[in-house]
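**Q** Just one file: final_34.txt, with compact mmCIF, C-alpha atoms.
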```txt
# COMPACT_ATOMS: atom_id res chain seq x y z
CA MET O 1 96.72 109.71 112.95
CA PRO O 2 93.61 107.61 112.16
CA TRP O 3 93.47 103.90 111.51
CA HIS O 4 91.51 102.57 108.57
CA GLY O 5 89.90 99.16 108.81
CA GLY O 6 88.87 96.73 106.12
CA THR O 7 87.57 93.26 105.42
CA VAL O 8 89.07 90.16 103.88
CA ALA O 9 86.97 90.75 100.77
CA ASP O 10 88.36 94.27 100.47
CA HIS O 11 92.01 93.28 100.62
CA LEU O 12 92.43 89.71 99.46
CA THR O 13 93.80 90.17 95.95
CA PHE O 14 97.55 90.62 95.67
CA LEU O 15 98.46 90.01 92.04
CA ASP O 16 95.83 89.76 89.34
CA VAL O 17 97.35 87.72 86.53
CA GLN O 18 94.54 87.90 84.03
CA ASN O 19 96.08 87.81 80.53
CA LEU O 20 99.44 87.08 82.18
CA THR O 21 101.09 83.69 81.83
CA LEU O 22 103.25 82.31 84.63
CA GLN O 23 105.72 79.70 83.43
CA VAL O 24 108.02 77.96 85.88
CA SER O 25 110.86 75.65 84.82
CA ASP O 26 113.53 73.77 86.78
CA GLN O 27 117.08 74.66 85.76
CA GLN O 28 120.35 73.93 87.56
CA ARG O 29 118.47 72.92 90.74
CA GLY O 30 116.67 76.26 90.71
CA ARG O 31 113.56 77.67 89.11
CA ARG O 32 113.36 80.76 87.00
CA LEU O 33 110.07 82.56 86.77
CA VAL O 34 109.27 83.88 83.30
CA LEU O 35 106.34 86.23 83.02
CA PHE O 36 105.06 86.97 79.55
CA GLY O 37 101.90 87.76 77.59
CA VAL O 38 99.74 90.83 77.42
CA LEU O 39 99.55 92.58 80.77
CA SER O 40 96.20 94.03 81.65
CA VAL O 41 95.32 95.55 85.01
CA VAL O 42 97.68 94.28 87.71
CA ALA O 43 96.50 95.12 91.22
CA LEU O 44 98.73 94.64 94.25
CA LEU O 45 96.81 95.01 97.51
CA LEU O 46 99.03 94.16 100.43
CA ALA O 47 96.42 94.46 103.15
CA VAL O 48 94.67 91.26 104.15
CA GLY O 49 91.85 90.73 106.63
CA SER O 50 91.52 93.91 108.67
CA LEU O 51 94.57 95.46 107.03
CA GLY O 52 94.49 98.95 105.70
CA GLY O 53 95.39 101.16 108.60
CA TRP O 54 98.27 103.48 109.42
CA LEU O 55 98.04 105.98 106.55
CA LEU O 56 98.43 109.57 105.61
CA THR O 57 95.89 110.73 103.06
CA ALA O 58 98.83 111.25 100.71
CA ASP O 59 102.31 109.76 100.65
CA GLN O 60 104.60 112.60 101.70
CA ASN O 61 107.70 110.69 100.60
CA SER O 62 106.54 109.89 97.08
CA ALA O 63 108.37 112.83 95.53
CA ALA O 64 111.66 111.41 96.78
CA LEU O 65 111.11 108.06 95.11
CA VAL O 66 112.92 107.25 91.89
CA PRO O 67 110.39 107.57 89.04
CA ARG O 68 111.62 104.51 87.14
CA VAL O 69 114.14 101.73 87.39
CA SER O 70 116.50 100.54 84.70
CA VAL O 71 117.12 96.80 84.67
CA PRO O 72 119.43 95.29 82.03
CA THR O 73 117.84 92.89 79.58
CA THR O 74 120.98 90.78 79.80
CA GLY O 75 123.18 90.37 82.82
CA HIS O 76 126.48 88.82 83.77
CA ASP O 77 127.26 86.17 86.32
CA VAL O 78 129.91 87.46 88.67
CA GLY O 79 130.79 83.99 89.89
CA PHE O 80 128.38 83.48 92.78
CA THR O 81 127.23 79.95 93.51
CA ILE O 82 123.76 79.75 95.04
CA GLU O 83 121.96 76.43 95.28
CA ARG O 84 118.20 76.12 95.48
CA SER O 85 117.38 76.68 99.16
CA ARG O 86 114.56 78.22 101.14
CA PRO O 87 115.24 81.69 102.57
CA VAL O 88 114.66 81.61 106.32
CA GLN O 89 115.65 85.06 107.59
CA LEU O 90 115.58 88.64 106.32
CA LEU O 91 117.76 91.36 107.84
CA ILE O 92 117.58 95.03 106.82
CA PRO O 93 120.12 96.90 108.99
CA LYS O 94 118.88 100.41 108.16
CA LEU O 95 115.36 99.55 109.33
CA GLY O 96 116.49 97.54 112.34
CA LEU O 97 114.42 94.71 110.90
CA THR O 98 115.14 91.02 111.45
CA THR O 99 112.38 88.56 110.64
CA GLY O 100 111.70 85.03 109.50
CA LEU O 101 110.10 84.24 106.17
CA ILE O 102 106.99 82.31 105.22
CA LEU O 103 106.29 80.63 101.88
CA LEU O 104 103.89 82.12 99.34
CA GLY O 105 102.68 80.49 96.15
CA LEU O 106 99.87 80.89 93.66
CA LYS O 107 96.19 80.45 94.43
CA ALA O 108 93.99 78.32 92.19
CA ASN O 109 92.84 81.43 90.32
CA GLY O 110 96.41 82.43 89.47
CA GLN O 111 96.72 85.17 92.06
CA VAL O 112 99.82 85.43 94.21
CA MET O 113 99.22 84.54 97.85
CA VAL O 114 99.88 87.16 100.52
CA PRO O 115 100.85 86.93 104.19
CA THR O 116 97.80 86.66 106.43
CA ASN O 117 99.65 88.34 109.30
CA VAL O 118 100.76 91.96 109.11
CA ARG O 119 104.07 91.04 110.78
CA ASP O 120 105.04 88.35 108.27
CA VAL O 121 107.24 88.62 105.20
CA GLY O 122 106.65 86.03 102.51
CA TRP O 123 108.90 84.65 99.79
CA PHE O 124 107.24 83.94 96.43
CA ARG O 125 108.48 80.37 96.14
CA GLU O 126 107.65 79.98 92.43
CA GLY O 127 110.54 82.33 91.70
CA PRO O 128 114.26 81.79 92.27
CA THR O 129 116.03 81.47 95.59
CA PRO O 130 117.46 84.87 96.59
CA GLY O 131 120.86 84.99 94.89
CA GLU O 132 119.99 82.72 91.97
CA ILE O 133 119.77 84.33 88.55
CA GLY O 134 116.36 85.94 88.20
CA SER O 135 114.07 88.04 90.38
CA SER O 136 113.33 86.71 93.85
CA VAL O 137 110.36 88.54 95.42
CA PHE O 138 109.49 89.16 99.08
CA LEU O 139 106.04 90.50 99.98
CA GLY O 140 104.98 92.23 103.19
CA HIS O 141 102.28 94.50 104.55
CA VAL O 142 102.76 98.20 105.19
CA ASP O 143 100.25 98.39 108.06
CA SER O 144 96.94 97.27 109.52
CA SER O 145 94.09 98.78 111.48
CA ASN O 146 96.17 98.06 114.61
CA GLY O 147 99.39 99.78 113.58
CA PRO O 148 102.46 99.60 111.33
CA GLY O 149 103.22 96.43 109.42
CA VAL O 150 106.55 94.72 108.84
CA PHE O 151 107.31 96.85 105.76
CA PHE O 152 105.96 100.14 107.14
CA ARG O 153 109.33 101.88 106.67
CA LEU O 154 110.35 100.07 103.48
CA LYS O 155 110.02 103.24 101.39
CA THR O 156 112.75 104.92 103.45
CA LEU O 157 115.41 102.64 101.95
CA ALA O 158 117.77 104.26 99.45
CA PRO O 159 120.30 103.14 96.84
CA GLY O 160 123.32 101.64 98.55
CA ASP O 161 121.44 100.28 101.58
CA LEU O 162 122.02 96.60 102.32
CA ILE O 163 119.57 93.71 102.58
CA LYS O 164 120.77 90.40 104.02
CA VAL O 165 119.10 87.02 103.54
CA THR O 166 119.98 83.75 105.28
CA LEU O 167 119.11 80.51 103.45
CA ALA O 168 118.21 77.15 104.95
CA ASP O 169 121.58 75.77 103.80
CA ARG O 170 123.25 78.49 105.95
CA VAL O 171 124.44 80.54 102.99
CA LYS O 172 124.13 84.27 103.67
CA ALA O 173 123.43 86.51 100.68
CA THR O 174 123.86 90.28 100.78
CA PHE O 175 122.04 92.55 98.35
CA LYS O 176 122.52 96.26 97.67
CA VAL O 177 119.51 98.47 96.94
CA ARG O 178 119.52 99.86 93.39
CA SER O 179 116.36 101.93 93.56
CA VAL O 180 113.04 102.44 95.33
CA VAL O 181 110.06 103.01 93.06
CA GLN O 182 106.39 103.80 93.54
CA TYR O 183 103.98 102.41 90.93
CA PRO O 184 100.22 102.92 90.57
CA LYS O 185 98.50 99.58 91.08
CA THR O 186 96.77 100.03 87.74
CA ALA O 187 100.19 100.06 86.03
CA PHE O 188 102.18 97.61 88.13
CA PRO O 189 105.14 96.27 86.05
CA ALA O 190 104.81 92.54 86.80
CA GLN O 191 107.37 91.56 84.15
CA LEU O 192 109.94 93.93 85.66
CA VAL O 193 109.35 92.81 89.25
CA TYR O 194 108.86 89.07 88.77
CA GLY O 195 110.68 88.40 85.50
CA SER O 196 114.27 87.28 84.95
CA HIS O 197 116.61 89.90 83.47
CA GLY O 198 119.88 88.01 83.65
CA ASN O 199 120.98 89.33 87.03
CA ARG O 200 120.60 88.15 90.63
CA SER O 201 117.85 90.37 92.04
CA LEU O 202 115.82 90.57 95.22
CA ASN O 203 112.71 92.74 95.00
CA LEU O 204 110.68 93.75 98.07
CA VAL O 205 107.06 94.81 97.59
CA THR O 206 104.54 96.58 99.81
CA CYS O 207 101.73 99.13 99.49
CA GLY O 208 102.02 102.91 99.48
CA GLY O 209 100.69 106.16 98.11
CA ILE O 210 97.23 107.56 98.72
CA PHE O 211 94.74 105.57 100.78
CA ASN O 212 91.36 105.10 99.11
CA HIS O 213 88.69 105.10 101.81
CA ALA O 214 86.05 103.83 99.40
CA THR O 215 87.97 100.65 98.50
CA GLY O 216 89.90 100.34 101.76
CA SER O 217 93.22 100.04 99.96
CA TYR O 218 96.24 101.98 98.75
CA ALA O 219 96.52 103.40 95.26
CA SER O 220 100.14 102.38 94.71
CA ASN O 221 102.87 99.89 95.49
CA ILE O 222 106.41 100.48 96.69
CA VAL O 223 109.07 98.22 95.15
CA VAL O 224 112.65 98.04 96.39
CA PHE O 225 114.99 96.66 93.72
CA SER O 226 118.28 95.18 94.93
CA THR O 227 121.16 93.14 93.47
CA LEU O 228 123.36 90.44 94.99
CA VAL O 229 126.78 91.78 95.98
CA SER O 230 128.27 89.04 98.20
CA THR O 231 127.74 85.63 99.79
CA SER O 232 129.25 83.92 102.82
```
What would the structure in this file look like if it were written as structure tokens?
**A**
Amino acid sequence: MPWHGGTVADHLTFLDVQNLTLQVSDQQRGRRLVLFGVLSVVALLLAVGSLGGWLLTADQNSAALVPRVSVPTTGHDVGFTIERSRPVQLLIPKLGLTTGLILLGLKANGQVMVPTNVRDVGWFREGPTPGEIGSSVFLGHVDSSNGPGVFFRLKTLAPGDLIKVTLADRVKATFKVRSVVQYPKTAFPAQLVYGSHGNRSLNLVTCGGIFNHATGSYASNIVVFSTLVSTS
């Protein structure tokens, strides 16, 4: 199976927020990210530097992915108490994955930062703490020219699988996968992934689909949607 290389210029952009307004407000010691406005082209490219590698010419698992996800416009608070705290560890039992987390923010041009290392998972810190009301988002690479990335097997998750997050204040939050969805990068639903819908969501994002040799990037993104089910 061939590796596909790339340059920083090829893979730098993660989220293009042209015509998209990001508004962050502090509320109850946490921040909720509200995304609104007219969405134009939103491109998520999770390969950075020489990232772009371990790929089939087509995603053989795409047919098994749920075509759309239904997220309630209003949610209910089931009584969890999560204070604003940095997530420090991600555990996905099905994947045998345990990793620390880095912080990701926004660049000066409004684009979301991405991990610079294929092995890192980053938390978008402008959104809520995992377990707070709203959509907390983790970003990770699928692969590089040297081999699989931290989220290489992310698309194999299925509804009912568990995702566990440890916070800096030692609270442990467990999420259950609702759905796994593949979106074309030209139609990435930023409001759905980053917006608040009244529930306590954790969304994991990586690349997937067909690899475009001309651009050195994937045509799609894989998003895992999950909901908080317990804390300890």
**Q** For Arg86 of chain O, which residue among O:Lys107, O:Thr156, O:Gln191, O:Lys172 is the nearest when counting all atoms listed in the file?
**A** O:Lys172
**Q** Please write as a PyMOL selection string the list of polymer residues whose atoms come within 12 Å of (125.7, 102.3, 95.7), counting all atoms listed in the file and keeping to the coordinates of the file.
**A** chain O and resi 158-162+175-179+226-227+229
**Q** Return the single residue from O:Gly105, O:Gly198, O:Pro115, O:Gly131 that is closest to Phe151 of chain O, with distances computed using all atoms listed in the file.
**A**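 Using all atoms listed in the file, Phe151 of chain O sits closest to O:Pro115.
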**Q** At what distance in Å, to one decimal, does atom CA of Val171 of chain O lie from atom CA of Pro130 of chain O?
**A**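 Going from atom CA of Pro130 of chain O over to atom CA of Val171 of chain O, I get 10.4 Å.
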**Q** Point out the residue among O:Val205, O:Val180, O:Val88, O:Ile163 with the least atom-to-atom distance to Phe138 of chain O, counting all atoms listed in the file.
**A**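 Ranking O:Val205, O:Val180, O:Val88, O:Ile163 by distance to Phe138 of chain O, first place goes to O:Val205.
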**Q** Given all atoms listed in the file as the basis, pick out the residue of O:His213, O:Ala190, O:Pro93, O:Thr98 nearest to Arg119 of chain O.
**A**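 For Arg119 of chain O, the nearest of the given residues is O:Thr98.
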**Q** So which residues touch Ser135 of chain O within 8 Å, counting all atoms listed in the file, skipping near sequence neighbours fewer than 4 positions away, as a ChimeraX atom specification?
**A** /O:33,127-128,130,193-197,199-203
**Q** Take the selection from the previous step and output its residues with C-alpha atoms, as a tab-separated table (two decimals), keeping the file's coordinate frame.
**A**
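Writing done, so here's selection_35.tsv:
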```
chain	number	residue	atom	x	y	z
O	33	LEU	CA	110.07	82.56	86.77
O	127	GLY	CA	110.54	82.33	91.70
O	128	PRO	CA	114.26	81.79	92.27
O	130	PRO	CA	117.46	84.87	96.59
O	193	VAL	CA	109.35	92.81	89.25
O	194	TYR	CA	108.86	89.07	88.77
O	195	GLY	CA	110.68	88.40	85.50
O	196	SER	CA	114.27	87.28	84.95
O	197	HIS	CA	116.61	89.90	83.47
O	199	ASN	CA	120.98	89.33	87.03
O	200	ARG	CA	120.60	88.15	90.63
O	201	SER	CA	117.85	90.37	92.04
O	202	LEU	CA	115.82	90.57	95.22
O	203	ASN	CA	112.71	92.74	95.00
```
**Q** For Thr99 of chain O, work out the shell of residues within 9 Å, counting all atoms listed in the file and skipping chain neighbours fewer than 6 positions away, then give it as an MDAnalysis selection string.
**A** chainID O and resid 88:91 119:121 150
**Q** Separation of atom CA of Pro184 of chain O and atom CA of Thr206 of chain O, in Å?
**A**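 Those two atoms sit 12.0 Å apart.
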**Q** How far is it from atom CA of Phe152 of chain O to atom CA of Val223 of chain O, in Å with one decimal?
**A** 12.5 Å
